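Worksheet for the structure shown next.
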Amino acid sequence: MHRVSVLLSLVAVATLVLVVTPVTGYRPWLKPNSSDLMYGGSKKYEGSSEFVKMRYHMGPVLTANITIHPIWYGRWQKSQKKIIREFINSISAVDSKHPSVAGWWKTVQLYTDQTGANISRTVLLGEEKNDRFYSHGKSLTRLSIQSVIKSAVTARTKPLPINPKSGLYLLLTSDDVYVQDFCGQVCGFHYFTFPSIVGYTLPYAWVGNSAKLCPGTCAYPFAVPTFIPGLKPLKSPNGDVGVDGMISVIGHEVAELATNPLVNAWYAGQDPVAPVEIADLCEGIYGTGGGGSYTGQLLNDRDGATYNMNGIRRKYLVQWVWNHIVSYCTGPNALDQ
């Protein structure tokens with residue numbers, strides 16, 4: 001395997017777009033690290049800064065075995081589902097080749113609740129729901145997303161189980177579905193459902209397939225923006241630009257759901273409406289040396305595809321997350337590990 005370094009042009013770094021709605025959003029690149037902008041820049045690589053104060057706000061975290069329930073909205077190919085399912089299954093696959101997805105999750109496990117209990121090591125793929133006929137149309141708002149989840153948990157046939165304490169509901173929209181703020185502000189977000197809409201308070205995340213709408217924004221570096229001439233996309237590890245781009249966003253949101261499921265647990269900053277969470281601080285960092293406009297040192301497989309961690313059988317590119325003990329972004333492919 002060859003290590004590769006991906007140096008992004010500083011021209012490509014766009015202005016930070018703040019999400020003012022009460023959910024956290026994610027874009028995989030096109031801006032400096034959150035720490036660069038909100039805390040005056042880092043003095044070392046990999047997003048590290050003594051000015052970042054990741055604090056615990058006494059809310060619950062997911063210490064029981066976590067079960068992820070995918071909701072496949074729209075038309076999905078079997079091959080696409082397999083890529084995402086294996087990523088979820090890889091989170092607890094401790095026997096995967098190093099550097100591994102399970103190794104990445106170890107940083108998430110460092111976070112605790114007020115009793116000192118750690119985030120669960122076990123993440124399971126739970127029951128799934130298909131919504132292939134676009135029950136709420138092909139253009140969704142943040143509120144109608146909750147209605148999609150309600151339909152999944154109240155369906156007449158094979159409803160998803162109600163699991164407020166350790167269940168995560170992952171709404172995945174196909175490449176022909178537009179979601180409010182998609183591409184322009186976010187590639188995914190998480191929050192919790194309102195009892196007035198769904199009947200329960202359930203932690204959930206939405207992630208969209210950007211292959212047709214904005215791959216240069218949400219599937220970077222496997223697609224690149226048209227406004228940067230000469231920048232070439234990297235080869236995706238599973239041969240699907242849209243889905244390979246979704247993987248890092250899914251990882252981002254699941255890590256934050258585990259540590260901040262009700263938006264009152266682990267985050268930095270003073271504003272719970274727009275919290276800076278453990279993955280926000282490391283956006284765009286995938287390897288050693290990452291920071292600002294530089295993604296860090298990555299890996300190439302024998303076919304030339306770029307990745308930074310191994311799953312059970314597949315390879316993935318997943319952003320790092322903030323380690324509050326050492327106060328910098330960490331990942332399993334760090335050169336000093």
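Identifiers in the structure tokens: chain A, B, ... in order shown; residue index from 1 per chain; ligand index from 1 in order shown.
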
Write out as a ChimeraX atom specification which residues come within 12 Å of segment 137-144 of chain A when counting only C-alpha atoms, dropping same-chain ones fewer than 3 positions away.
-> /A:21-25,73-75,131-134,147-151,171-182,186,188-194,196-198,204-208

Excluding same-chain residues fewer than 6 positions from Ala219 of chain A, what lies within 12 Å of it counting only C-alpha atoms, as a PyMOL selection string?
-> chain A and resi 26-30+175+183+186-188+207-213+225+233-236+240-250+284+317-318

Limited to N, CA and C atoms, could you put the picked residues into a file as a JSON list (two decimals), in the first residue's frame?
```
[["chain", "number", "residue", "atom", "x", "y", "z"],
["A", 26, "TYR", "N", -23.42, 18.89, 8.65],
["A", 26, "TYR", "CA", -22.07, 18.48, 8.31],
["A", 26, "TYR", "C", -21.82, 18.62, 6.83],
["A", 27, "ARG", "N", -20.66, 19.19, 6.49],
["A", 27, "ARG", "CA", -20.13, 19.16, 5.13],
["A", 27, "ARG", "C", -18.71, 18.65, 5.22],
["A", 28, "PRO", "N", -18.29, 17.77, 4.32],
["A", 28, "PRO", "CA", -16.99, 17.12, 4.47],
["A", 28, "PRO", "C", -15.79, 17.99, 4.17],
["A", 29, "TRP", "N", -16.00, 19.17, 3.59],
["A", 29, "TRP", "CA", -14.84, 20.01, 3.29],
["A", 29, "TRP", "C", -15.32, 21.39, 2.88],
["A", 30, "LEU", "N", -14.50, 22.10, 2.10],
["A", 30, "LEU", "CA", -14.80, 23.43, 1.57],
["A", 30, "LEU", "C", -14.81, 24.50, 2.65],
["A", 175, "ASP", "N", -30.28, 9.35, -4.45],
["A", 175, "ASP", "CA", -29.66, 10.47, -5.16],
["A", 175, "ASP", "C", -30.63, 11.35, -5.94],
["A", 183, "CYS", "N", -26.68, 20.26, 0.19],
["A", 183, "CYS", "CA", -25.68, 20.78, -0.75],
["A", 183, "CYS", "C", -25.25, 22.21, -0.42],
["A", 186, "VAL", "N", -25.60, 21.75, 4.21],
["A", 186, "VAL", "CA", -25.30, 20.50, 4.90],
["A", 186, "VAL", "C", -25.31, 19.32, 3.94],
["A", 187, "CYS", "N", -24.63, 18.26, 4.37],
["A", 187, "CYS", "CA", -24.68, 16.96, 3.69],
["A", 187, "CYS", "C", -25.36, 15.92, 4.58],
["A", 188, "GLY", "N", -25.54, 16.28, 5.84],
["A", 188, "GLY", "CA", -26.21, 15.42, 6.80],
["A", 188, "GLY", "C", -26.40, 16.19, 8.09],
["A", 207, "VAL", "N", -28.73, 11.49, 6.18],
["A", 207, "VAL", "CA", -27.59, 11.65, 5.27],
["A", 207, "VAL", "C", -28.11, 11.40, 3.86],
["A", 208, "GLY", "N", -27.74, 12.26, 2.93],
["A", 208, "GLY", "CA", -28.21, 12.13, 1.56],
["A", 208, "GLY", "C", -27.13, 11.67, 0.60],
["A", 209, "ASN", "N", -27.54, 10.98, -0.45],
["A", 209, "ASN", "CA", -26.64, 10.59, -1.53],
["A", 209, "ASN", "C", -26.55, 11.77, -2.50],
["A", 210, "SER", "N", -25.36, 12.34, -2.59],
["A", 210, "SER", "CA", -25.17, 13.58, -3.37],
["A", 210, "SER", "C", -24.76, 13.33, -4.82],
["A", 211, "ALA", "N", -24.76, 12.08, -5.27],
["A", 211, "ALA", "CA", -24.17, 11.74, -6.57],
["A", 211, "ALA", "C", -24.71, 12.57, -7.73],
["A", 212, "LYS", "N", -25.98, 12.91, -7.72],
["A", 212, "LYS", "CA", -26.57, 13.68, -8.81],
["A", 212, "LYS", "C", -26.67, 15.16, -8.49],
["A", 213, "LEU", "N", -26.82, 15.50, -7.24],
["A", 213, "LEU", "CA", -27.09, 16.89, -6.88],
["A", 213, "LEU", "C", -25.84, 17.72, -6.61],
["A", 225, "PRO", "N", -15.27, 20.09, -6.89],
["A", 225, "PRO", "CA", -16.10, 21.19, -7.38],
["A", 225, "PRO", "C", -15.64, 21.66, -8.76],
["A", 233, "PRO", "N", -10.33, 14.31, -8.92],
["A", 233, "PRO", "CA", -10.93, 13.50, -7.85],
["A", 233, "PRO", "C", -10.09, 12.25, -7.57],
["A", 234, "LEU", "N", -10.18, 11.76, -6.36],
["A", 234, "LEU", "CA", -9.54, 10.51, -5.99],
["A", 234, "LEU", "C", -10.47, 9.35, -6.28],
["A", 235, "LYS", "N", -9.90, 8.19, -6.46],
["A", 235, "LYS", "CA", -10.69, 6.99, -6.74],
["A", 235, "LYS", "C", -11.34, 6.49, -5.47],
["A", 236, "SER", "N", -12.64, 6.24, -5.51],
["A", 236, "SER", "CA", -13.35, 5.81, -4.31],
["A", 236, "SER", "C", -13.11, 4.33, -4.04],
["A", 240, "ASP", "N", -18.35, 3.56, -5.81],
["A", 240, "ASP", "CA", -19.61, 4.31, -5.86],
["A", 240, "ASP", "C", -19.35, 5.67, -5.22],
["A", 241, "VAL", "N", -19.17, 6.69, -6.04],
["A", 241, "VAL", "CA", -18.77, 8.01, -5.53],
["A", 241, "VAL", "C", -19.77, 8.54, -4.51],
["A", 242, "GLY", "N", -21.05, 8.45, -4.82],
["A", 242, "GLY", "CA", -22.07, 8.99, -3.91],
["A", 242, "GLY", "C", -22.09, 8.28, -2.56],
["A", 243, "VAL", "N", -22.09, 6.96, -2.59],
["A", 243, "VAL", "CA", -22.17, 6.20, -1.34],
["A", 243, "VAL", "C", -20.86, 6.25, -0.58],
["A", 244, "ASP", "N", -19.72, 6.17, -1.28],
["A", 244, "ASP", "CA", -18.45, 6.31, -0.58],
["A", 244, "ASP", "C", -18.35, 7.68, 0.08],
["A", 245, "GLY", "N", -18.91, 8.71, -0.56],
["A", 245, "GLY", "CA", -18.94, 10.02, 0.07],
["A", 245, "GLY", "C", -19.86, 10.07, 1.28],
["A", 246, "MET", "N", -20.93, 9.29, 1.26],
["A", 246, "MET", "CA", -21.86, 9.27, 2.39],
["A", 246, "MET", "C", -21.23, 8.66, 3.65],
["A", 247, "ILE", "N", -20.29, 7.73, 3.47],
["A", 247, "ILE", "CA", -19.77, 6.98, 4.60],
["A", 247, "ILE", "C", -19.20, 7.89, 5.68],
["A", 248, "SER", "N", -18.38, 8.86, 5.28],
["A", 248, "SER", "CA", -17.79, 9.75, 6.28],
["A", 248, "SER", "C", -18.85, 10.60, 6.97],
["A", 249, "VAL", "N", -19.88, 10.99, 6.22],
["A", 249, "VAL", "CA", -20.96, 11.77, 6.81],
["A", 249, "VAL", "C", -21.74, 10.91, 7.81],
["A", 250, "ILE", "N", -21.98, 9.66, 7.46],
["A", 250, "ILE", "CA", -22.66, 8.74, 8.39],
["A", 250, "ILE", "C", -21.83, 8.58, 9.66],
["A", 284, "GLY", "N", -12.88, 17.51, 7.60],
["A", 284, "GLY", "CA", -11.83, 17.61, 6.60],
["A", 284, "GLY", "C", -10.51, 16.98, 6.99],
["A", 317, "LEU", "N", -13.14, 5.73, 3.68],
["A", 317, "LEU", "CA", -12.52, 7.00, 4.04],
["A", 317, "LEU", "C", -13.46, 7.70, 5.01],
["A", 318, "VAL", "N", -12.99, 7.87, 6.25],
["A", 318, "VAL", "CA", -13.83, 8.42, 7.31],
["A", 318, "VAL", "C", -13.04, 9.51, 8.04]]
```

Can you list, as a ChimeraX atom specification, every residue of segment 53-197 of chain A that DSSP puts in helix (DSSP H, G or I)?
-> /A:78-90,101-109,142-153

Segment 107-169 of chain A near segment 263-279 of chain A within 10 Å: what's each residue's closest atom pair and its distance in Å to one decimal, counting only C-alpha atoms, ordered by chain then ascending residue number, as a tab-separated table?
```
residue	atom	partner	partner_atom	distance
A:Thr107	CA	A:Ile278	CA	9.8
A:Val108	CA	A:Ile278	CA	8.4
A:Tyr111	CA	A:Trp266	CA	8.1
A:Thr112	CA	A:Trp266	CA	9.0
A:Asp113	CA	A:Ala265	CA	8.0
A:Gln114	CA	A:Ala265	CA	9.6
```

How close does segment 202-317 of chain A get to segment 158-164 of chain A? List, as CSV, each residue of segment 202-317 of chain A within 12 Å, its nearest atom pair and the distance in Å to one decimal, counting only C-alpha atoms.
```
residue,atom,partner,partner_atom,distance
A:Leu202,CA,A:Pro164,CA,5.0
A:Pro203,CA,A:Pro164,CA,7.1
A:Tyr204,CA,A:Pro164,CA,10.0
A:Pro261,CA,A:Pro164,CA,10.0
A:Leu262,CA,A:Pro164,CA,10.6
```

Only C-alpha atoms, please: the residues just picked out, written as a short mmCIF file (atom, residue, chain, number, x, y, z; two decimals), in the first residue's frame.
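Listing of selection.cif after writing:
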```cif
data_model
loop_
_atom_site.label_atom_id
_atom_site.label_comp_id
_atom_site.auth_asym_id
_atom_site.auth_seq_id
_atom_site.Cartn_x
_atom_site.Cartn_y
_atom_site.Cartn_z
CA LEU A 202 -35.88 9.29 19.20
CA PRO A 203 -32.30 10.25 18.22
CA TYR A 204 -32.01 10.29 14.44
CA PRO A 261 -28.06 12.37 21.34
CA LEU A 262 -30.37 14.99 22.85
#
```

Exercise: Ala334 of chain A partners within 12 Å, only C-alpha atoms, chain neighbours under 4 positions left out, as a list of chain:residue names |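 The neighbour list is A:Arg3, A:Tyr45, A:Glu46, A:His98, A:Pro99, A:Ser100, A:Gly103, A:Trp104, A:Ile285, A:Tyr286, A:Gly287, A:Thr288, A:Gly289, A:Gly290, A:Gly296, A:Gln297, A:Leu298, A:Leu299, A:Asn308, A:Met309, A:Gln319, A:Trp320, A:Tyr328, A:Cys329, A:Thr330.
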
Quick one: residues within 8 Å of Gly216 of chain A, only C-alpha atoms counted, chain neighbours fewer than 6 positions away excluded, as a list in words?
->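 Result of the neighbour search: Phe222, Ala223, Val224, Pro225 and Thr226 of chain A.
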
Can you write out the residues you just picked, keeping C-alpha atoms, as a PDB file, in the first residue's frame?
```pdb
ATOM      1  CA  PHE A 222     -14.128  11.371  -4.751  1.00  0.00           C
ATOM      2  CA  ALA A 223     -15.642  14.255  -6.729  1.00  0.00           C
ATOM      3  CA  VAL A 224     -14.390  17.818  -6.914  1.00  0.00           C
ATOM      4  CA  PRO A 225     -16.101  21.187  -7.376  1.00  0.00           C
ATOM      5  CA  THR A 226     -16.276  22.540 -10.902  1.00  0.00           C
TER       6      THR A 226
END
```

Using only C-alpha atoms: which of A:Pro70, A:Gly291, A:Pro229, A:Gly116 has the shortest distance to Val153 of chain A | A:Pro70

Write out as a VMD selection string all residues of segment 21-265 of chain A that backbone DSSP assigns to strand (DSSP E).
-> chain A and resid 24 to 26 55 to 56 66 to 73 123 to 125 129 to 131 139 to 140 167 to 173 178 to 179 188 to 192 203 to 208
